[in-house]
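Working notes for the structure below.
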Amino acid sequence: SLLRKRKDTGDSKDDKSITIAGTNETVKRWKLDLTEGYERQRRRMLPNYEFHGLYNIDENADNVEYVDEVGLKVNQEGVTGDDNNEGALDVSDEVQHPVDGRSSALDMEVTADLLKKMKLEKIVDDEEDDLENMEDEDNDYAAAADDALNTHTTFSVEDQSARANELESKKAQNVEDTDKINESDTGEREAEAEESDKTNISASSYDLITGLLKAGDWPEKSYNVNRCTGLEVRKALLLWCRNAIYVVDGFEQTDGEGLKGKINRLKKVTTSFQVNIRQHGAQNSDATEKTKSKEKVTESTEEEITYQHRSQRIAFGDLYSVYRRRYQLQQNALEFYDVHRNGTLIAFSNNVEREEVLSKVLATPLPSSIFSSSVLGGATSINYKKFMNNLRAKITSQWVHGKMSNFDFIMHMNSFAGRTYNDLTQYPVFPWVLADYDSEELDLNDPSVYRDFSKPMGGQNEKRAAQFRERYEALEQSYEFGDGPPPFHYGTHYSCAAYVLYYLMRLEPFSRLALSLQGGKFDVADRLFHNIGSSWSSASSENLQDVRELIPEFFYLPDFLVNSNMFDFGTTQLGKTVHDLTLPRWAKGDPKRFIRIHRQALESDHVSRHLHQWLDLVFGFKQRGKEAVAALNTFVHVTYEGQVDLESITDPVERESIIAQIQNFGQTPSRLERKPFPPRVVLSAFKERGLDFNALASLAALTPPFCVVGAPHRVYLRVLAVDTCKVGMAGQMDSSVGDLCHVKGQLLGVGRTCALILPSKKYYRFGGPNNGVSVHVSMTSARYREVNKVLSAHDGMHRGPISVAKPSLNGLWLVTGCVDSTVRVWKYNGQNMQLQATLCGHDGGKITCLDISTTFGSIVTGGSDGKILVWDLRTLTFLRTLHHPASAQNSVHDGSAKSPVKSVSINHKNGNFVTLLHSTVCVFDINGNLIAKQDPGFNFEGNEVPSCAIATDCPEWMESGIVAVAGHMNGDVSLWSIDYDTELLVLRHIFARASALLSHHGPSCVW
């Protein structure tokens, strides 16, 4: 086990949660972390502990090691596809979704006959009615919410008090429980309990769920909801408490409201599969585990009924944003995001309940949210639609003026249009960018390598476009004679759940969803996603049933292109083994190179000039009406918002069937603009006669770190300010600086045993005999006139002196390391310091360095034992160990003793880690893979040895950017970038003038 709990009775303030680190070698399977980071990217992989049970694999016998395509050609001779695999679960036609563009997309195409059989009535009659409906939407929602607030039954105050006291007594008995403490302090907890029972359990009160709540919380109202994750939907209760909302899976309230209602526990159907896994070193198909693909559903016998409950707490103080969402074509859902960017999609029974909860949330103080009063200038009431429209206008302006990347802007538009990762039927949609997947090299300055952004995928090839026009004209004639549905160009869509899983089938947890969608087994090899060039040809020219676009992962996540779990996808009819994705020639067989170039293409000047045309098709004025017809951009009418009146279908069975069929068709995003999107302003730093200084401000935002604006291939560094550190130096024998930053033209530094709290202009001081920290003023302000003034002191935070401390960029978190090798995580609210967890894993000695990123939820720690450990800030658990190259493990002096880790740092734009062990700088990705290391032949000796190294915020697609800055003992400052071909760090610049400006001890920190 990677994690282990232990009790400690020697300290009154002691560990609420203690985790013991193992090594990541014990984890054989990984899955994608579904929380979001910078630009809403999901990059991090988490241990997949349920993999073996899900796929019926003996964990002790699991010896799978990933091998690439070359290895498979040797090991898999004679392997055949599993088309004749017996025992597959029989499922109805409604849940079988073949996903290939060439063959099985025919099964997904919507025909006029099918639409006539469905006999659907639409809500909005025409485009003008749609406009009026959009304008009046908020008024209707507000009225419905007011009615609901006036009529909804609430709990009595006496009952609340009684239940709260009872809850307090229960909670007092469980203060040592790790999961409960984690949840109460971090705002989120997942508590799962499984048990077998011979009777259906029910209760007449909330006794079943009070044990899952934080002490002091008590539900004031409850709602029956569905929690949606991908395609997995679980019935749950949403509990409204004074300081938080809870979503508790596996419960349903019936027969009354409030405390008098009956709470029923719902059984959970467990699903497992038996799939073919390619074992490392297998020589033929007999060596591969060949078993039947099946789905195991719980038996009807009561002894095998399983109950599983997960409780998630979203504190209002930790709520970051909330969005209206559609679910099953109805405006009845909300999506909550906490400060960790963990999204929770909740579908209510009806729109009235949805609006009631939204109104209550917006009327609640939300200090950490986009709706906070500080953002709104002190406004007390929030008009949701007006706020979102203003926010969208602001974001659009930033993009137009070059202050936001194309990727980030498309993600924002998807979010505003109702697209979310949590619903595969409404997954974020991204455009095909490139049209050249055959060349050996790719010139991104050549317009011919790009797709035509003014046309949908169905219009990329003129011959195929003519066929779509003929179809539309034929359907239009039938519709005018009253014999048929409204005309459309395409019977398929550019985005649906099957297409998303078609792309992500290699990556957990999407592999299991793909199996569920396919009836318990993967589709035949020829219909799987195996060649990116072939998929482009199918979607752009070859297949009348394929007009799919891309998904966000194509621009940041190489993991989904690799079959790291070694699933046996079979072989094609041509004898090709389906394993890793076949990449274009210009990718040189490297998935990371493909992702980098693909992102560079998305951010290129050509795409920036034309992206607004694609936005008009998907989110704008060419989405519907005459403009859509002229642009060859009409889809089946039931895919558009407001076109189906589900309330008119009274038969619940028929209604569910209609919803399921429509969801399979795909859903068009909500329309955001009724006029053209503004084009992005693309500027050049150089004119015919010299430099254009007016363009520099727009170009600076997306210029790689330490590179010249307008000439990103050039690196430049100069002295901006020189000052003597005077803050936090009391009692310090030397003049070493512990932390520094540049704020509004002013250089701010603090002493060696200090750490800056950037948002509040304060700093922590640590290392004293009180085994704690004190908070001081770092800069004068209207409130604080005296620098170094003590604002608060927090004693006894560790058993020994604190050796290192690091606050988060937002100032809300503090991570401290002790001389006894422990690490503690704290929450700081400006007054109180609240212990969240104690992290143990270093082999004695003091903690020498650490860093924290709330953007990606990561903590990295280094110790005198030479270990570098990565922790999950969101769950406060161990993730993995970073392994330095062998050359850096031991000190060059004695050849045996491990060197202490000098520095660790996190890139807040991609989650990468920069580490310094002895004299070697290395860069690891967020999942612990070594990206680049210092050239072994490039050694620093004597006073040239680096003393610290930090990560910049350079994304990997900016290949010329500086990824690491190192300070050396002699005062030099060195800038490093990555040569991705050799996987080595390249020394781009050494600023030697710093030697004359810094003390003989060298830099102790770099900003």
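Chains: A, B, ... in order of the structure tokens. Residues: from 1 per chain. Ligands: from 1, in order shown.
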
Let's see if you can do this: from backbone DSSP, list all helix (DSSP H, G or I) residues in range 723-946 of chain A, as a list in words.
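After running DSSP on the backbone, range 723-946 of chain A has helix (DSSP H, G or I) at Ala886, Ser887, Ala888, Gln889, Gly942, Asn943 and Glu944 of chain A.
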
Please produce a file of the residues just selected, as a tab-separated table (two decimals), in the first residue's frame, where the atoms kept are C-alpha atoms.
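selection-v2.tsv written:
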```tsv
chain	number	residue	atom	x	y	z
A	886	ALA	CA	22.49	8.29	-11.71
A	887	SER	CA	25.17	10.93	-12.24
A	888	ALA	CA	23.41	13.28	-9.83
A	889	GLN	CA	22.54	10.79	-7.12
A	942	GLY	CA	34.03	24.84	-7.33
A	943	ASN	CA	32.18	28.09	-6.87
A	944	GLU	CA	30.49	27.65	-10.26
```

Spatial neighbours of Leu424 in chain A, 12 Å, only C-alpha atoms, chain gap at least 4 places, as number ranges by chain:
A: 228-233, 327-328, 345, 418-420, 428-429, 495-504, 510, 513-514, 517, 551, 663-664, 666-667

Tell me which protein, DNA and RNA residues are within 12 Å of Met388 in chain A, counting only C-alpha atoms, leaving out same-chain ones fewer than 2 positions away, and put them as a list of chain:residue names.
A:Asp138, A:Ser321, A:Val322, A:Tyr323, A:Arg324, A:Ile370, A:Phe371, A:Ile382, A:Asn383, A:Tyr384, A:Lys385, A:Lys386, A:Asn390, A:Leu391, A:Arg392, A:Ala393, A:Lys394, A:Ile395, A:His412, A:Met413, A:Ser415, A:Phe416, A:Ala417, A:Leu672

Export N, CA, C and O atoms of the chosen residues as an mmCIF file, in the first residue's frame?
```cif
data_model
loop_
_atom_site.group_PDB
_atom_site.id
_atom_site.type_symbol
_atom_site.label_atom_id
_atom_site.label_comp_id
_atom_site.auth_asym_id
_atom_site.auth_seq_id
_atom_site.Cartn_x
_atom_site.Cartn_y
_atom_site.Cartn_z
ATOM 1 N N ASP A 138 -33.661 34.785 -18.308
ATOM 2 C CA ASP A 138 -33.350 35.073 -16.913
ATOM 3 C C ASP A 138 -34.563 35.508 -16.120
ATOM 4 O O ASP A 138 -34.692 35.184 -14.940
ATOM 5 N N SER A 321 -16.616 28.783 -9.111
ATOM 6 C CA SER A 321 -17.580 29.222 -10.122
ATOM 7 C C SER A 321 -18.720 28.219 -10.205
ATOM 8 O O SER A 321 -18.608 27.078 -9.744
ATOM 9 N N VAL A 322 -19.825 28.654 -10.794
ATOM 10 C CA VAL A 322 -20.962 27.781 -11.048
ATOM 11 C C VAL A 322 -21.551 28.185 -12.388
ATOM 12 O O VAL A 322 -21.646 29.374 -12.708
ATOM 13 N N TYR A 323 -21.914 27.188 -13.188
ATOM 14 C CA TYR A 323 -22.421 27.434 -14.533
ATOM 15 C C TYR A 323 -23.748 26.707 -14.740
ATOM 16 O O TYR A 323 -23.934 25.580 -14.258
ATOM 17 N N ARG A 324 -24.642 27.346 -15.467
ATOM 18 C CA ARG A 324 -25.835 26.640 -15.939
ATOM 19 C C ARG A 324 -25.417 25.642 -17.019
ATOM 20 O O ARG A 324 -24.598 25.954 -17.880
ATOM 21 N N ILE A 370 -15.440 33.769 -8.840
ATOM 22 C CA ILE A 370 -15.460 34.830 -9.847
ATOM 23 C C ILE A 370 -16.598 35.806 -9.570
ATOM 24 O O ILE A 370 -16.619 36.901 -10.141
ATOM 25 N N PHE A 371 -17.521 35.438 -8.693
ATOM 26 C CA PHE A 371 -18.647 36.309 -8.352
ATOM 27 C C PHE A 371 -18.395 37.141 -7.102
ATOM 28 O O PHE A 371 -19.304 37.828 -6.637
ATOM 29 N N ILE A 382 -26.460 39.548 -7.964
ATOM 30 C CA ILE A 382 -25.798 39.139 -9.199
ATOM 31 C C ILE A 382 -26.847 38.720 -10.220
ATOM 32 O O ILE A 382 -27.667 37.833 -9.948
ATOM 33 N N ASN A 383 -26.828 39.341 -11.362
ATOM 34 C CA ASN A 383 -27.611 38.886 -12.510
ATOM 35 C C ASN A 383 -26.727 37.928 -13.282
ATOM 36 O O ASN A 383 -25.772 38.336 -13.946
ATOM 37 N N TYR A 384 -27.033 36.644 -13.188
ATOM 38 C CA TYR A 384 -26.144 35.620 -13.728
ATOM 39 C C TYR A 384 -25.865 35.829 -15.210
ATOM 40 O O TYR A 384 -24.698 35.822 -15.645
ATOM 41 N N LYS A 385 -26.908 36.017 -15.997
ATOM 42 C CA LYS A 385 -26.716 36.125 -17.439
ATOM 43 C C LYS A 385 -25.931 37.379 -17.798
ATOM 44 O O LYS A 385 -25.029 37.338 -18.653
ATOM 45 N N LYS A 386 -26.226 38.481 -17.144
ATOM 46 C CA LYS A 386 -25.496 39.717 -17.423
ATOM 47 C C LYS A 386 -24.030 39.566 -17.034
ATOM 48 O O LYS A 386 -23.129 40.013 -17.762
ATOM 49 N N ASN A 390 -20.910 39.805 -19.685
ATOM 50 C CA ASN A 390 -19.815 40.751 -19.491
ATOM 51 C C ASN A 390 -18.466 40.036 -19.417
ATOM 52 O O ASN A 390 -17.460 40.517 -19.963
ATOM 53 N N LEU A 391 -18.458 38.895 -18.750
ATOM 54 C CA LEU A 391 -17.224 38.122 -18.652
ATOM 55 C C LEU A 391 -16.779 37.628 -20.022
ATOM 56 O O LEU A 391 -15.591 37.678 -20.365
ATOM 57 N N ARG A 392 -17.743 37.156 -20.818
ATOM 58 C CA ARG A 392 -17.406 36.684 -22.164
ATOM 59 C C ARG A 392 -16.890 37.821 -23.033
ATOM 60 O O ARG A 392 -15.945 37.639 -23.807
ATOM 61 N N ALA A 393 -17.482 39.004 -22.915
ATOM 62 C CA ALA A 393 -17.008 40.153 -23.686
ATOM 63 C C ALA A 393 -15.587 40.533 -23.286
ATOM 64 O O ALA A 393 -14.757 40.873 -24.143
ATOM 65 N N LYS A 394 -15.298 40.452 -21.996
ATOM 66 C CA LYS A 394 -13.955 40.768 -21.516
ATOM 67 C C LYS A 394 -12.937 39.765 -22.049
ATOM 68 O O LYS A 394 -11.847 40.148 -22.509
ATOM 69 N N ILE A 395 -13.279 38.483 -22.004
ATOM 70 C CA ILE A 395 -12.369 37.449 -22.485
ATOM 71 C C ILE A 395 -12.165 37.575 -23.989
ATOM 72 O O ILE A 395 -11.037 37.418 -24.498
ATOM 73 N N HIS A 412 -12.714 28.675 -23.268
ATOM 74 C CA HIS A 412 -13.690 29.587 -22.659
ATOM 75 C C HIS A 412 -15.003 29.579 -23.444
ATOM 76 O O HIS A 412 -16.092 29.549 -22.847
ATOM 77 N N MET A 413 -14.921 29.611 -24.765
ATOM 78 C CA MET A 413 -16.139 29.611 -25.571
ATOM 79 C C MET A 413 -16.908 28.300 -25.380
ATOM 80 O O MET A 413 -18.143 28.303 -25.329
ATOM 81 N N SER A 415 -16.970 26.527 -22.672
ATOM 82 C CA SER A 415 -17.588 26.590 -21.349
ATOM 83 C C SER A 415 -18.829 27.476 -21.364
ATOM 84 O O SER A 415 -19.878 27.109 -20.820
ATOM 85 N N PHE A 416 -18.732 28.640 -22.002
ATOM 86 C CA PHE A 416 -19.892 29.530 -22.090
ATOM 87 C C PHE A 416 -21.033 28.888 -22.877
ATOM 88 O O PHE A 416 -22.210 29.183 -22.631
ATOM 89 N N ALA A 417 -20.706 28.011 -23.821
ATOM 90 C CA ALA A 417 -21.716 27.370 -24.661
ATOM 91 C C ALA A 417 -22.242 26.065 -24.068
ATOM 92 O O ALA A 417 -22.983 25.339 -24.732
ATOM 93 N N LEU A 672 -23.583 31.583 -29.043
ATOM 94 C CA LEU A 672 -23.079 32.680 -28.229
ATOM 95 C C LEU A 672 -23.201 34.036 -28.897
ATOM 96 O O LEU A 672 -23.343 35.049 -28.219
#
```

Using only C-alpha atoms, which of A:Phe766, A:Trp826, A:Phe316, A:Phe621 sits nearest Met729 in chain A?
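Between A:Phe766, A:Trp826, A:Phe316, A:Phe621, the residue approaching Met729 in chain A most closely is A:Phe766.
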
All residues 12 Å or closer to Val361 in chain A, only C-alpha atoms, same chain fewer than 2 positions away omitted, as an MDAnalysis selection string:
chainID A and resid 145 240:245 314:317 319:323 334 336 354:359 363:366 369 371:372 381:382 384

Considering only C-alpha atoms, return as an mmCIF file with N, CA and C atoms, in the first residue's frame whatever protein or nucleic-acid residues lie within 8 Å of Arg464 in chain A, sequence-local ones (same chain, fewer than 6 positions apart) excluded.
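This went into around.cif:
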```cif
data_model
loop_
_atom_site.group_PDB
_atom_site.id
_atom_site.type_symbol
_atom_site.label_atom_id
_atom_site.label_comp_id
_atom_site.auth_asym_id
_atom_site.auth_seq_id
_atom_site.Cartn_x
_atom_site.Cartn_y
_atom_site.Cartn_z
ATOM 1 N N GLY A 458 -17.520 19.231 -43.469
ATOM 2 C CA GLY A 458 -18.220 18.735 -44.650
ATOM 3 C C GLY A 458 -17.942 19.541 -45.899
ATOM 4 N N SER A 541 -12.833 14.240 -46.357
ATOM 5 C CA SER A 541 -13.083 14.006 -47.777
ATOM 6 C C SER A 541 -13.659 12.654 -48.138
ATOM 7 N N GLU A 542 -13.324 11.607 -47.433
ATOM 8 C CA GLU A 542 -13.598 10.265 -47.929
ATOM 9 C C GLU A 542 -14.947 9.699 -47.509
ATOM 10 N N LEU A 544 -18.916 10.065 -46.239
ATOM 11 C CA LEU A 544 -20.096 10.922 -46.149
ATOM 12 C C LEU A 544 -20.706 10.940 -44.751
#
```

Point-to-point distance in Å for CA of Arg874 in chain A and CA of Val339 in chain A
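Between these atoms lies a distance of 9.9 Å.
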
Using only C-alpha atoms, which residues sit within 12 Å of range 222-225 of chain A once same-chain residues fewer than 3 positions away are excluded, as a count of residues only?
54

For Phe468 in chain A, find every residue with an atom within 8 Å (counting only C-alpha atoms), except residues of its own chain fewer than 2 positions away, and show them as a VMD selection string.
chain A and resid 458 464 to 466 470 to 472 489 to 490 632

What would the file look like if the residues just selected were written as a PDB file, in the first residue's frame with N, CA and C atoms?
```pdb
ATOM      1  N   GLY A 458     -17.520  19.231 -43.469  1.00  0.00           N
ATOM      2  CA  GLY A 458     -18.220  18.735 -44.650  1.00  0.00           C
ATOM      3  C   GLY A 458     -17.942  19.541 -45.899  1.00  0.00           C
ATOM      4  N   ARG A 464     -17.336  16.149 -52.161  1.00  0.00           N
ATOM      5  CA  ARG A 464     -18.211  15.658 -51.100  1.00  0.00           C
ATOM      6  C   ARG A 464     -19.213  16.735 -50.697  1.00  0.00           C
ATOM      7  N   ALA A 465     -18.810  18.001 -50.724  1.00  0.00           N
ATOM      8  CA  ALA A 465     -19.711  19.090 -50.372  1.00  0.00           C
ATOM      9  C   ALA A 465     -20.912  19.139 -51.311  1.00  0.00           C
ATOM     10  N   ALA A 466     -20.691  18.843 -52.596  1.00  0.00           N
ATOM     11  CA  ALA A 466     -21.788  18.847 -53.568  1.00  0.00           C
ATOM     12  C   ALA A 466     -22.824  17.788 -53.212  1.00  0.00           C
ATOM     13  N   GLU A 470     -26.867  18.345 -52.328  1.00  0.00           N
ATOM     14  CA  GLU A 470     -27.947  17.596 -52.974  1.00  0.00           C
ATOM     15  C   GLU A 470     -28.866  16.968 -51.928  1.00  0.00           C
ATOM     16  N   ARG A 471     -28.282  16.447 -50.859  1.00  0.00           N
ATOM     17  CA  ARG A 471     -29.108  15.859 -49.797  1.00  0.00           C
ATOM     18  C   ARG A 471     -30.009  16.925 -49.186  1.00  0.00           C
ATOM     19  N   TYR A 472     -29.452  18.073 -48.889  1.00  0.00           N
ATOM     20  CA  TYR A 472     -30.240  19.144 -48.278  1.00  0.00           C
ATOM     21  C   TYR A 472     -31.401  19.556 -49.181  1.00  0.00           C
ATOM     22  N   HIS A 489     -27.821  19.019 -43.776  1.00  0.00           N
ATOM     23  CA  HIS A 489     -26.716  18.577 -44.623  1.00  0.00           C
ATOM     24  C   HIS A 489     -26.123  17.263 -44.148  1.00  0.00           C
ATOM     25  N   TYR A 490     -26.061  17.099 -42.817  1.00  0.00           N
ATOM     26  CA  TYR A 490     -25.333  15.969 -42.246  1.00  0.00           C
ATOM     27  C   TYR A 490     -26.233  15.158 -41.315  1.00  0.00           C
ATOM     28  N   LEU A 632     -23.085  25.569 -45.523  1.00  0.00           N
ATOM     29  CA  LEU A 632     -23.085  24.102 -45.522  1.00  0.00           C
ATOM     30  C   LEU A 632     -22.880  23.594 -44.088  1.00  0.00           C
TER      31      LEU A 632
END
```

Between CA of Val275 in chain A and CA of Leu515 in chain A - distance in Å to one decimal:
9.4 Å

Measuring between only C-alpha atoms, which one of A:Met457, A:Ile649, A:Leu561, A:Leu748 shows the shortest distance to Glu508 in chain A?
A:Leu561

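Going from CA of Phe569 in chain A to CA of Phe273 in chain A covers 14.4 Å.
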